[in-house]
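The file protein26.cif comes next; it holds mmCIF, N, CA and C atoms.
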data_my_file
#
loop_
_atom_site.label_atom_id
_atom_site.label_comp_id
_atom_site.auth_asym_id
_atom_site.auth_seq_id
_atom_site.Cartn_x
_atom_site.Cartn_y
_atom_site.Cartn_z
N MET Q 1 128.65 203.86 -31.40
CA MET Q 1 127.67 203.09 -30.68
C MET Q 1 127.76 201.66 -31.16
N THR Q 2 127.76 200.72 -30.24
CA THR Q 2 127.82 199.31 -30.57
C THR Q 2 126.45 198.68 -30.37
N ILE Q 3 125.96 198.01 -31.40
CA ILE Q 3 124.69 197.30 -31.33
C ILE Q 3 124.94 195.93 -30.73
N THR Q 4 124.05 195.47 -29.87
CA THR Q 4 124.19 194.15 -29.26
C THR Q 4 124.21 193.07 -30.34
N GLY Q 5 125.18 192.18 -30.24
CA GLY Q 5 125.32 191.11 -31.21
C GLY Q 5 124.55 189.87 -30.80
N GLU Q 6 124.59 188.88 -31.66
CA GLU Q 6 123.82 187.66 -31.40
C GLU Q 6 124.44 186.76 -30.36
N ASP Q 7 125.70 187.02 -29.96
CA ASP Q 7 126.36 186.19 -28.96
C ASP Q 7 126.70 186.96 -27.68
N ASN Q 8 126.08 188.10 -27.45
CA ASN Q 8 126.36 188.91 -26.28
C ASN Q 8 125.57 188.45 -25.06
N THR Q 9 125.99 188.94 -23.90
CA THR Q 9 125.30 188.72 -22.64
C THR Q 9 125.10 190.08 -21.99
N ASP Q 10 123.95 190.27 -21.35
CA ASP Q 10 123.65 191.55 -20.70
C ASP Q 10 122.82 191.27 -19.45
N ILE Q 11 122.62 192.30 -18.66
CA ILE Q 11 121.74 192.20 -17.51
C ILE Q 11 120.31 192.09 -18.02
N MET Q 12 119.57 191.13 -17.50
CA MET Q 12 118.17 190.95 -17.90
C MET Q 12 117.32 192.05 -17.26
N LEU Q 13 116.44 192.63 -18.06
CA LEU Q 13 115.53 193.66 -17.56
C LEU Q 13 114.11 193.12 -17.53
N ASP Q 14 113.36 193.55 -16.51
CA ASP Q 14 111.96 193.13 -16.42
C ASP Q 14 111.09 194.02 -17.32
N ASN Q 15 109.79 193.83 -17.29
CA ASN Q 15 108.88 194.60 -18.14
C ASN Q 15 108.88 196.09 -17.83
N ASN Q 16 109.37 196.47 -16.66
CA ASN Q 16 109.45 197.89 -16.28
C ASN Q 16 110.82 198.49 -16.55
N GLY Q 17 111.70 197.69 -17.19
CA GLY Q 17 113.04 198.18 -17.50
C GLY Q 17 114.00 198.13 -16.33
N GLN Q 18 113.63 197.43 -15.27
CA GLN Q 18 114.48 197.31 -14.08
C GLN Q 18 115.23 195.98 -14.13
N PRO Q 19 116.46 195.95 -13.55
CA PRO Q 19 117.22 194.70 -13.53
C PRO Q 19 116.45 193.59 -12.82
N ALA Q 20 116.42 192.42 -13.44
CA ALA Q 20 115.76 191.25 -12.85
C ALA Q 20 116.74 190.57 -11.89
N THR Q 21 116.21 189.99 -10.84
CA THR Q 21 117.04 189.31 -9.85
C THR Q 21 117.13 187.83 -10.18
N GLY Q 22 118.35 187.29 -10.13
CA GLY Q 22 118.57 185.87 -10.39
C GLY Q 22 118.31 185.04 -9.16
N LYS Q 23 118.41 183.73 -9.29
CA LYS Q 23 118.17 182.79 -8.20
C LYS Q 23 119.13 182.99 -7.03
N ASN Q 24 120.35 183.46 -7.33
CA ASN Q 24 121.35 183.66 -6.29
C ASN Q 24 121.27 185.05 -5.65
N GLY Q 25 120.27 185.84 -6.04
CA GLY Q 25 120.10 187.19 -5.48
C GLY Q 25 120.85 188.26 -6.23
N ASP Q 26 121.71 187.86 -7.16
CA ASP Q 26 122.45 188.82 -7.99
C ASP Q 26 121.61 189.13 -9.23
N PHE Q 27 122.11 189.99 -10.09
CA PHE Q 27 121.40 190.30 -11.32
C PHE Q 27 121.27 189.05 -12.19
N ALA Q 28 120.11 188.85 -12.78
CA ALA Q 28 119.94 187.80 -13.77
C ALA Q 28 120.53 188.30 -15.09
N THR Q 29 120.98 187.37 -15.93
CA THR Q 29 121.54 187.77 -17.23
C THR Q 29 120.72 187.14 -18.35
N VAL Q 30 120.89 187.71 -19.52
CA VAL Q 30 120.25 187.20 -20.73
C VAL Q 30 121.34 187.15 -21.80
N SER Q 31 121.33 186.09 -22.61
CA SER Q 31 122.34 185.96 -23.65
C SER Q 31 121.73 185.35 -24.90
N GLY Q 32 122.53 185.32 -25.97
CA GLY Q 32 122.06 184.75 -27.23
C GLY Q 32 120.90 185.54 -27.81
N ASP Q 33 119.91 184.81 -28.35
CA ASP Q 33 118.75 185.46 -28.97
C ASP Q 33 118.00 186.34 -27.98
N GLY Q 34 117.90 185.89 -26.74
CA GLY Q 34 117.20 186.69 -25.73
C GLY Q 34 117.85 188.04 -25.51
N CYS Q 35 119.18 188.10 -25.62
CA CYS Q 35 119.90 189.36 -25.42
C CYS Q 35 119.63 190.36 -26.54
N TRP Q 36 119.79 189.91 -27.80
CA TRP Q 36 119.57 190.87 -28.89
C TRP Q 36 118.10 191.24 -29.01
N MET Q 37 117.20 190.31 -28.65
CA MET Q 37 115.77 190.65 -28.69
C MET Q 37 115.44 191.69 -27.60
N GLN Q 38 116.06 191.56 -26.42
CA GLN Q 38 115.87 192.57 -25.37
C GLN Q 38 116.39 193.92 -25.84
N ASP Q 39 117.58 193.93 -26.45
CA ASP Q 39 118.16 195.18 -26.94
C ASP Q 39 117.30 195.79 -28.04
N LEU Q 40 116.76 194.96 -28.91
CA LEU Q 40 115.89 195.45 -29.98
C LEU Q 40 114.62 196.07 -29.39
N ARG Q 41 114.04 195.41 -28.38
CA ARG Q 41 112.85 195.95 -27.71
C ARG Q 41 113.17 197.31 -27.09
N LEU Q 42 114.34 197.44 -26.47
CA LEU Q 42 114.73 198.71 -25.86
C LEU Q 42 114.96 199.79 -26.92
N GLU Q 43 115.60 199.42 -28.03
CA GLU Q 43 115.84 200.42 -29.07
C GLU Q 43 114.55 200.90 -29.71
N THR Q 44 113.60 199.99 -29.91
CA THR Q 44 112.35 200.41 -30.54
C THR Q 44 111.57 201.38 -29.65
N ALA Q 45 111.77 201.29 -28.34
CA ALA Q 45 111.05 202.16 -27.40
C ALA Q 45 111.82 203.44 -27.09
N THR Q 46 113.00 203.60 -27.69
CA THR Q 46 113.86 204.75 -27.42
C THR Q 46 113.78 205.74 -28.58
N GLU Q 47 113.82 207.00 -28.24
CA GLU Q 47 113.83 208.05 -29.26
C GLU Q 47 115.26 208.36 -29.68
N GLU Q 48 115.47 208.66 -30.95
CA GLU Q 48 116.80 209.07 -31.42
C GLU Q 48 117.26 210.28 -30.62
N GLY Q 49 118.53 210.27 -30.21
CA GLY Q 49 119.10 211.39 -29.48
C GLY Q 49 118.81 211.36 -27.99
N GLU Q 50 118.08 210.38 -27.53
CA GLU Q 50 117.71 210.30 -26.12
C GLU Q 50 118.89 209.88 -25.25
N LEU Q 51 119.84 209.14 -25.81
CA LEU Q 51 120.98 208.65 -25.05
C LEU Q 51 122.17 209.60 -25.20
N PHE Q 52 122.85 209.85 -24.12
CA PHE Q 52 123.93 210.83 -24.11
C PHE Q 52 125.20 210.35 -24.80
N TYR Q 53 125.36 209.07 -25.05
CA TYR Q 53 126.61 208.55 -25.59
C TYR Q 53 126.56 208.23 -27.08
N GLU Q 54 125.61 208.78 -27.80
CA GLU Q 54 125.55 208.57 -29.25
C GLU Q 54 126.62 209.41 -29.94
N ASP Q 55 126.97 209.02 -31.16
CA ASP Q 55 127.96 209.79 -31.89
C ASP Q 55 127.37 211.14 -32.31
N GLU Q 56 128.25 212.10 -32.58
CA GLU Q 56 127.82 213.46 -32.88
C GLU Q 56 126.97 213.56 -34.14
N ASP Q 57 127.27 212.76 -35.14
CA ASP Q 57 126.58 212.85 -36.42
C ASP Q 57 125.24 212.14 -36.42
N GLY Q 58 125.01 211.29 -35.45
CA GLY Q 58 123.76 210.55 -35.40
C GLY Q 58 123.72 209.38 -36.37
N ASN Q 59 124.88 209.08 -37.00
CA ASN Q 59 124.92 207.99 -37.96
C ASN Q 59 124.57 206.65 -37.32
N GLU Q 60 124.94 206.49 -36.11
CA GLU Q 60 124.67 205.25 -35.39
C GLU Q 60 123.65 205.51 -34.28
N ALA Q 61 122.77 206.46 -34.49
CA ALA Q 61 121.81 206.86 -33.47
C ALA Q 61 120.98 205.67 -33.01
N TYR Q 62 120.92 205.52 -31.71
CA TYR Q 62 120.14 204.44 -31.09
C TYR Q 62 118.71 204.96 -30.92
N GLY Q 63 117.76 204.15 -31.21
CA GLY Q 63 116.36 204.53 -31.05
C GLY Q 63 115.64 204.62 -32.38
N PHE Q 64 114.44 204.07 -32.41
CA PHE Q 64 113.64 204.09 -33.63
C PHE Q 64 112.93 205.43 -33.83
N GLY Q 65 112.62 206.13 -32.76
CA GLY Q 65 112.02 207.45 -32.87
C GLY Q 65 110.63 207.47 -33.45
N LEU Q 66 109.80 206.48 -33.12
CA LEU Q 66 108.46 206.44 -33.69
C LEU Q 66 107.54 207.54 -33.16
N VAL Q 67 107.93 208.18 -32.07
CA VAL Q 67 107.13 209.29 -31.55
C VAL Q 67 107.07 210.43 -32.56
N ASP Q 68 108.05 210.50 -33.46
CA ASP Q 68 108.04 211.51 -34.52
C ASP Q 68 106.77 211.45 -35.36
N PHE Q 69 106.10 210.32 -35.35
CA PHE Q 69 104.93 210.11 -36.21
C PHE Q 69 103.60 210.17 -35.46
N VAL Q 70 103.62 210.56 -34.19
CA VAL Q 70 102.40 210.56 -33.37
C VAL Q 70 101.31 211.44 -33.98
N HIS Q 71 101.66 212.61 -34.46
CA HIS Q 71 100.65 213.52 -35.01
C HIS Q 71 100.77 213.69 -36.52
N ALA Q 72 101.45 212.75 -37.15
CA ALA Q 72 101.64 212.84 -38.60
C ALA Q 72 100.35 212.49 -39.34
N GLU Q 73 100.18 213.15 -40.48
CA GLU Q 73 99.02 212.88 -41.32
C GLU Q 73 99.10 211.46 -41.88
N ASN Q 74 97.97 210.78 -41.92
CA ASN Q 74 97.95 209.43 -42.45
C ASN Q 74 97.90 209.47 -43.97
N ASP Q 75 99.02 209.11 -44.57
CA ASP Q 75 99.08 208.99 -46.02
C ASP Q 75 100.17 207.99 -46.38
N GLY Q 76 100.24 207.64 -47.63
CA GLY Q 76 101.20 206.66 -48.10
C GLY Q 76 102.64 207.10 -47.86
N PHE Q 77 102.90 208.40 -47.97
CA PHE Q 77 104.25 208.91 -47.75
C PHE Q 77 104.70 208.67 -46.32
N THR Q 78 103.86 208.97 -45.35
CA THR Q 78 104.20 208.77 -43.94
C THR Q 78 104.39 207.29 -43.63
N GLN Q 79 103.52 206.46 -44.16
CA GLN Q 79 103.66 205.02 -43.94
C GLN Q 79 104.97 204.50 -44.52
N LYS Q 80 105.35 204.99 -45.69
CA LYS Q 80 106.61 204.58 -46.31
C LYS Q 80 107.79 205.10 -45.49
N GLU Q 81 107.68 206.28 -44.94
CA GLU Q 81 108.74 206.85 -44.10
C GLU Q 81 108.95 205.99 -42.84
N ILE Q 82 107.87 205.54 -42.23
CA ILE Q 82 107.97 204.65 -41.06
C ILE Q 82 108.66 203.35 -41.47
N GLU Q 83 108.22 202.78 -42.57
CA GLU Q 83 108.79 201.53 -43.06
C GLU Q 83 110.30 201.67 -43.31
N GLN Q 84 110.71 202.76 -43.94
CA GLN Q 84 112.11 202.97 -44.24
C GLN Q 84 112.94 203.20 -42.98
N ARG Q 85 112.38 203.92 -42.01
CA ARG Q 85 113.12 204.16 -40.77
C ARG Q 85 113.34 202.84 -40.04
N VAL Q 86 112.29 202.05 -39.90
CA VAL Q 86 112.42 200.76 -39.21
C VAL Q 86 113.41 199.87 -39.95
N ASN Q 87 113.32 199.83 -41.26
CA ASN Q 87 114.23 199.02 -42.06
C ASN Q 87 115.68 199.45 -41.86
N SER Q 88 115.95 200.74 -41.85
CA SER Q 88 117.33 201.21 -41.67
C SER Q 88 117.85 200.89 -40.28
N LYS Q 89 116.99 200.93 -39.27
CA LYS Q 89 117.41 200.59 -37.90
C LYS Q 89 117.71 199.10 -37.79
N LEU Q 90 116.91 198.28 -38.42
CA LEU Q 90 117.13 196.83 -38.38
C LEU Q 90 118.39 196.44 -39.16
N ALA Q 91 118.67 197.15 -40.25
CA ALA Q 91 119.80 196.82 -41.11
C ALA Q 91 121.15 196.97 -40.39
N LYS Q 92 121.21 197.74 -39.30
CA LYS Q 92 122.44 197.88 -38.52
C LYS Q 92 122.80 196.58 -37.83
N ARG Q 93 121.84 195.70 -37.69
CA ARG Q 93 122.06 194.42 -37.02
C ARG Q 93 122.43 193.39 -38.09
N THR Q 94 123.72 193.23 -38.30
CA THR Q 94 124.23 192.44 -39.42
C THR Q 94 123.85 190.97 -39.34
N TYR Q 95 123.42 190.48 -38.22
CA TYR Q 95 123.02 189.08 -38.08
C TYR Q 95 121.59 188.84 -38.54
N LEU Q 96 120.85 189.91 -38.88
CA LEU Q 96 119.49 189.76 -39.40
C LEU Q 96 119.53 189.66 -40.92
N ASP Q 97 118.70 188.79 -41.47
CA ASP Q 97 118.60 188.61 -42.92
C ASP Q 97 117.54 189.59 -43.43
N MET Q 98 118.00 190.72 -43.96
CA MET Q 98 117.08 191.77 -44.39
C MET Q 98 116.21 191.33 -45.56
N ALA Q 99 116.64 190.32 -46.32
CA ALA Q 99 115.83 189.83 -47.43
C ALA Q 99 114.56 189.13 -46.93
N LYS Q 100 114.58 188.65 -45.70
CA LYS Q 100 113.43 187.98 -45.11
C LYS Q 100 112.53 188.94 -44.33
N THR Q 101 112.96 190.17 -44.17
CA THR Q 101 112.20 191.15 -43.38
C THR Q 101 110.98 191.62 -44.16
N THR Q 102 109.83 191.58 -43.49
CA THR Q 102 108.61 192.12 -44.08
C THR Q 102 107.97 193.08 -43.09
N GLN Q 103 107.24 194.06 -43.63
CA GLN Q 103 106.55 195.04 -42.80
C GLN Q 103 105.16 195.31 -43.36
N ALA Q 104 104.24 195.60 -42.45
CA ALA Q 104 102.89 196.02 -42.83
C ALA Q 104 102.53 197.20 -41.93
N VAL Q 105 102.59 198.40 -42.49
CA VAL Q 105 102.27 199.62 -41.74
C VAL Q 105 100.80 199.94 -41.95
N THR Q 106 100.09 200.16 -40.85
CA THR Q 106 98.67 200.51 -40.90
C THR Q 106 98.42 201.69 -39.95
N TYR Q 107 97.23 202.24 -40.06
CA TYR Q 107 96.84 203.40 -39.26
C TYR Q 107 95.42 203.17 -38.76
N ASN Q 108 95.21 203.36 -37.45
CA ASN Q 108 93.89 203.16 -36.88
C ASN Q 108 93.71 204.07 -35.67
N ASN Q 109 92.67 204.87 -35.69
CA ASN Q 109 92.33 205.78 -34.58
C ASN Q 109 93.50 206.64 -34.12
N GLY Q 110 94.23 207.20 -35.07
CA GLY Q 110 95.32 208.11 -34.74
C GLY Q 110 96.63 207.45 -34.36
N ILE Q 111 96.72 206.13 -34.50
CA ILE Q 111 97.93 205.39 -34.11
C ILE Q 111 98.45 204.63 -35.32
N TYR Q 112 99.75 204.77 -35.57
CA TYR Q 112 100.41 203.98 -36.61
C TYR Q 112 100.86 202.66 -36.00
N TYR Q 113 100.69 201.57 -36.75
CA TYR Q 113 101.13 200.25 -36.37
C TYR Q 113 102.05 199.72 -37.45
N ASP Q 114 103.10 199.03 -37.04
CA ASP Q 114 103.99 198.39 -38.00
C ASP Q 114 104.25 196.97 -37.52
N ASN Q 115 103.69 196.00 -38.21
CA ASN Q 115 103.93 194.59 -37.91
C ASN Q 115 105.11 194.13 -38.76
N VAL Q 116 106.19 193.77 -38.08
CA VAL Q 116 107.44 193.45 -38.74
C VAL Q 116 107.80 192.00 -38.46
N PHE Q 117 108.24 191.30 -39.49
CA PHE Q 117 108.77 189.95 -39.34
C PHE Q 117 110.26 190.01 -39.64
N ILE Q 118 111.09 189.46 -38.76
CA ILE Q 118 112.53 189.41 -38.97
C ILE Q 118 113.03 187.99 -38.75
N ALA Q 119 114.17 187.68 -39.35
CA ALA Q 119 114.82 186.38 -39.17
C ALA Q 119 116.33 186.58 -39.21
N LYS Q 120 117.03 185.72 -38.51
CA LYS Q 120 118.48 185.77 -38.52
C LYS Q 120 119.01 185.15 -39.80
N ASN Q 121 120.24 185.50 -40.16
CA ASN Q 121 120.92 184.88 -41.29
C ASN Q 121 121.03 183.38 -41.05
N ASP Q 122 120.85 182.61 -42.08
CA ASP Q 122 121.00 181.15 -42.03
C ASP Q 122 120.15 180.50 -40.93
N SER Q 123 118.94 181.01 -40.73
CA SER Q 123 118.06 180.44 -39.71
C SER Q 123 116.63 180.39 -40.25
N SER Q 124 115.91 179.38 -39.85
CA SER Q 124 114.50 179.30 -40.25
C SER Q 124 113.59 179.89 -39.17
N ASP Q 125 114.18 180.23 -38.00
CA ASP Q 125 113.40 180.85 -36.94
C ASP Q 125 113.10 182.30 -37.27
N GLY Q 126 111.89 182.73 -36.99
CA GLY Q 126 111.51 184.11 -37.24
C GLY Q 126 110.97 184.76 -35.98
N TYR Q 127 110.95 186.08 -35.99
CA TYR Q 127 110.49 186.86 -34.85
C TYR Q 127 109.57 187.96 -35.33
N ASN Q 128 108.56 188.25 -34.54
CA ASN Q 128 107.62 189.32 -34.86
C ASN Q 128 107.86 190.52 -33.97
N LEU Q 129 107.85 191.69 -34.58
CA LEU Q 129 107.87 192.95 -33.85
C LEU Q 129 106.53 193.61 -34.09
N GLU Q 130 105.88 194.01 -33.04
CA GLU Q 130 104.64 194.75 -33.18
C GLU Q 130 104.90 196.15 -32.64
N LEU Q 131 105.18 197.06 -33.57
CA LEU Q 131 105.51 198.43 -33.21
C LEU Q 131 104.29 199.32 -33.38
N SER Q 132 104.20 200.33 -32.57
CA SER Q 132 103.17 201.35 -32.77
C SER Q 132 103.71 202.65 -32.20
N THR Q 133 102.99 203.71 -32.45
CA THR Q 133 103.38 204.99 -31.88
C THR Q 133 102.99 205.04 -30.41
N GLU Q 134 102.49 203.90 -29.87
CA GLU Q 134 102.17 203.80 -28.45
C GLU Q 134 102.98 202.73 -27.73
N ASN Q 135 103.07 201.51 -28.28
CA ASN Q 135 103.68 200.37 -27.60
C ASN Q 135 104.57 199.57 -28.52
N VAL Q 136 105.42 198.71 -27.91
CA VAL Q 136 106.30 197.84 -28.66
C VAL Q 136 106.25 196.44 -28.05
N GLU Q 137 106.15 195.42 -28.90
CA GLU Q 137 106.21 194.02 -28.47
C GLU Q 137 107.18 193.28 -29.38
N VAL Q 138 108.03 192.45 -28.80
CA VAL Q 138 108.95 191.62 -29.56
C VAL Q 138 108.76 190.19 -29.10
N GLY Q 139 108.57 189.26 -30.06
CA GLY Q 139 108.38 187.86 -29.69
C GLY Q 139 108.70 186.92 -30.81
N ASN Q 140 108.69 185.63 -30.49
CA ASN Q 140 108.94 184.61 -31.50
C ASN Q 140 107.82 184.58 -32.52
N GLY Q 141 108.19 184.31 -33.77
CA GLY Q 141 107.23 184.29 -34.85
C GLY Q 141 106.88 182.93 -35.15
#
File written out as structure tokens:
Amino acid sequence: MTITGEDNTDIMLDNNGQPATGKNGDFATVSGDGCWMQDLRLETATEEGELFYEDEDGNEAYGFGLVDFVHAENDGFTQKEIEQRVNSKLAKRTYLDMAKTTQAVTYNNGIYYDNVFIAKNDSSDGYNLELSTENVEVGNG
């Protein structure tokens, strides 16, 4: 499985996951930071094993799989497990500076939340991920 890089181009998807239409009536595209941020948003909303083209061992499994934690007991162990899973998924993206990555996992009304800050290597720009066992948001920090 190939993770979208920082210089890739892809078809732009709207908020419903459908291809966006460009000014010329063809598919709109997204590239650079917008492309990898779109791919990251899609991966966070995908469950591991959901895609048919993953490798057999799951070593490069696409998807954060946060649904695994929907009915998990709220304790420090579960929160650490969420943090480690998110960290391992982000670490596959070699253009991210993992030393700058921070996470704050919380639990409220049966929902786990993980507020994540990420930054690219050699960049002062940062991005926020707001993950939960319900929704995902990716934006500039």
Of the listed residues Q:Thr29, Q:Gln84, Q:Thr21, Q:Asn128, that which approaches Val116 (chain Q) most closely, counting only C-alpha atoms:
Q:Asn128
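Taking CA of Gly126 (chain Q) as the reference point, atom C of Gly65 (chain Q) is found at 23.7 Å.
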Using only N, CA and C atoms, which of the listed residues (Q:Ala72, Q:Ile11, Q:Ala20, Q:Ile3) sits closest to Lys92 (chain Q)?
Q:Ile3
For a quick check of understanding, using only N, CA and C atoms, which of Q:Val105, Q:Ala28, Q:Ile82, Q:Cys35 has the smallest distance to Asn8 (chain Q)?
Q:Cys35
Quick check, in Å to one decimal: how far apart do atom N of Glu47 (chain Q) and atom N of Lys89 (chain Q) lie?
13.0 Å
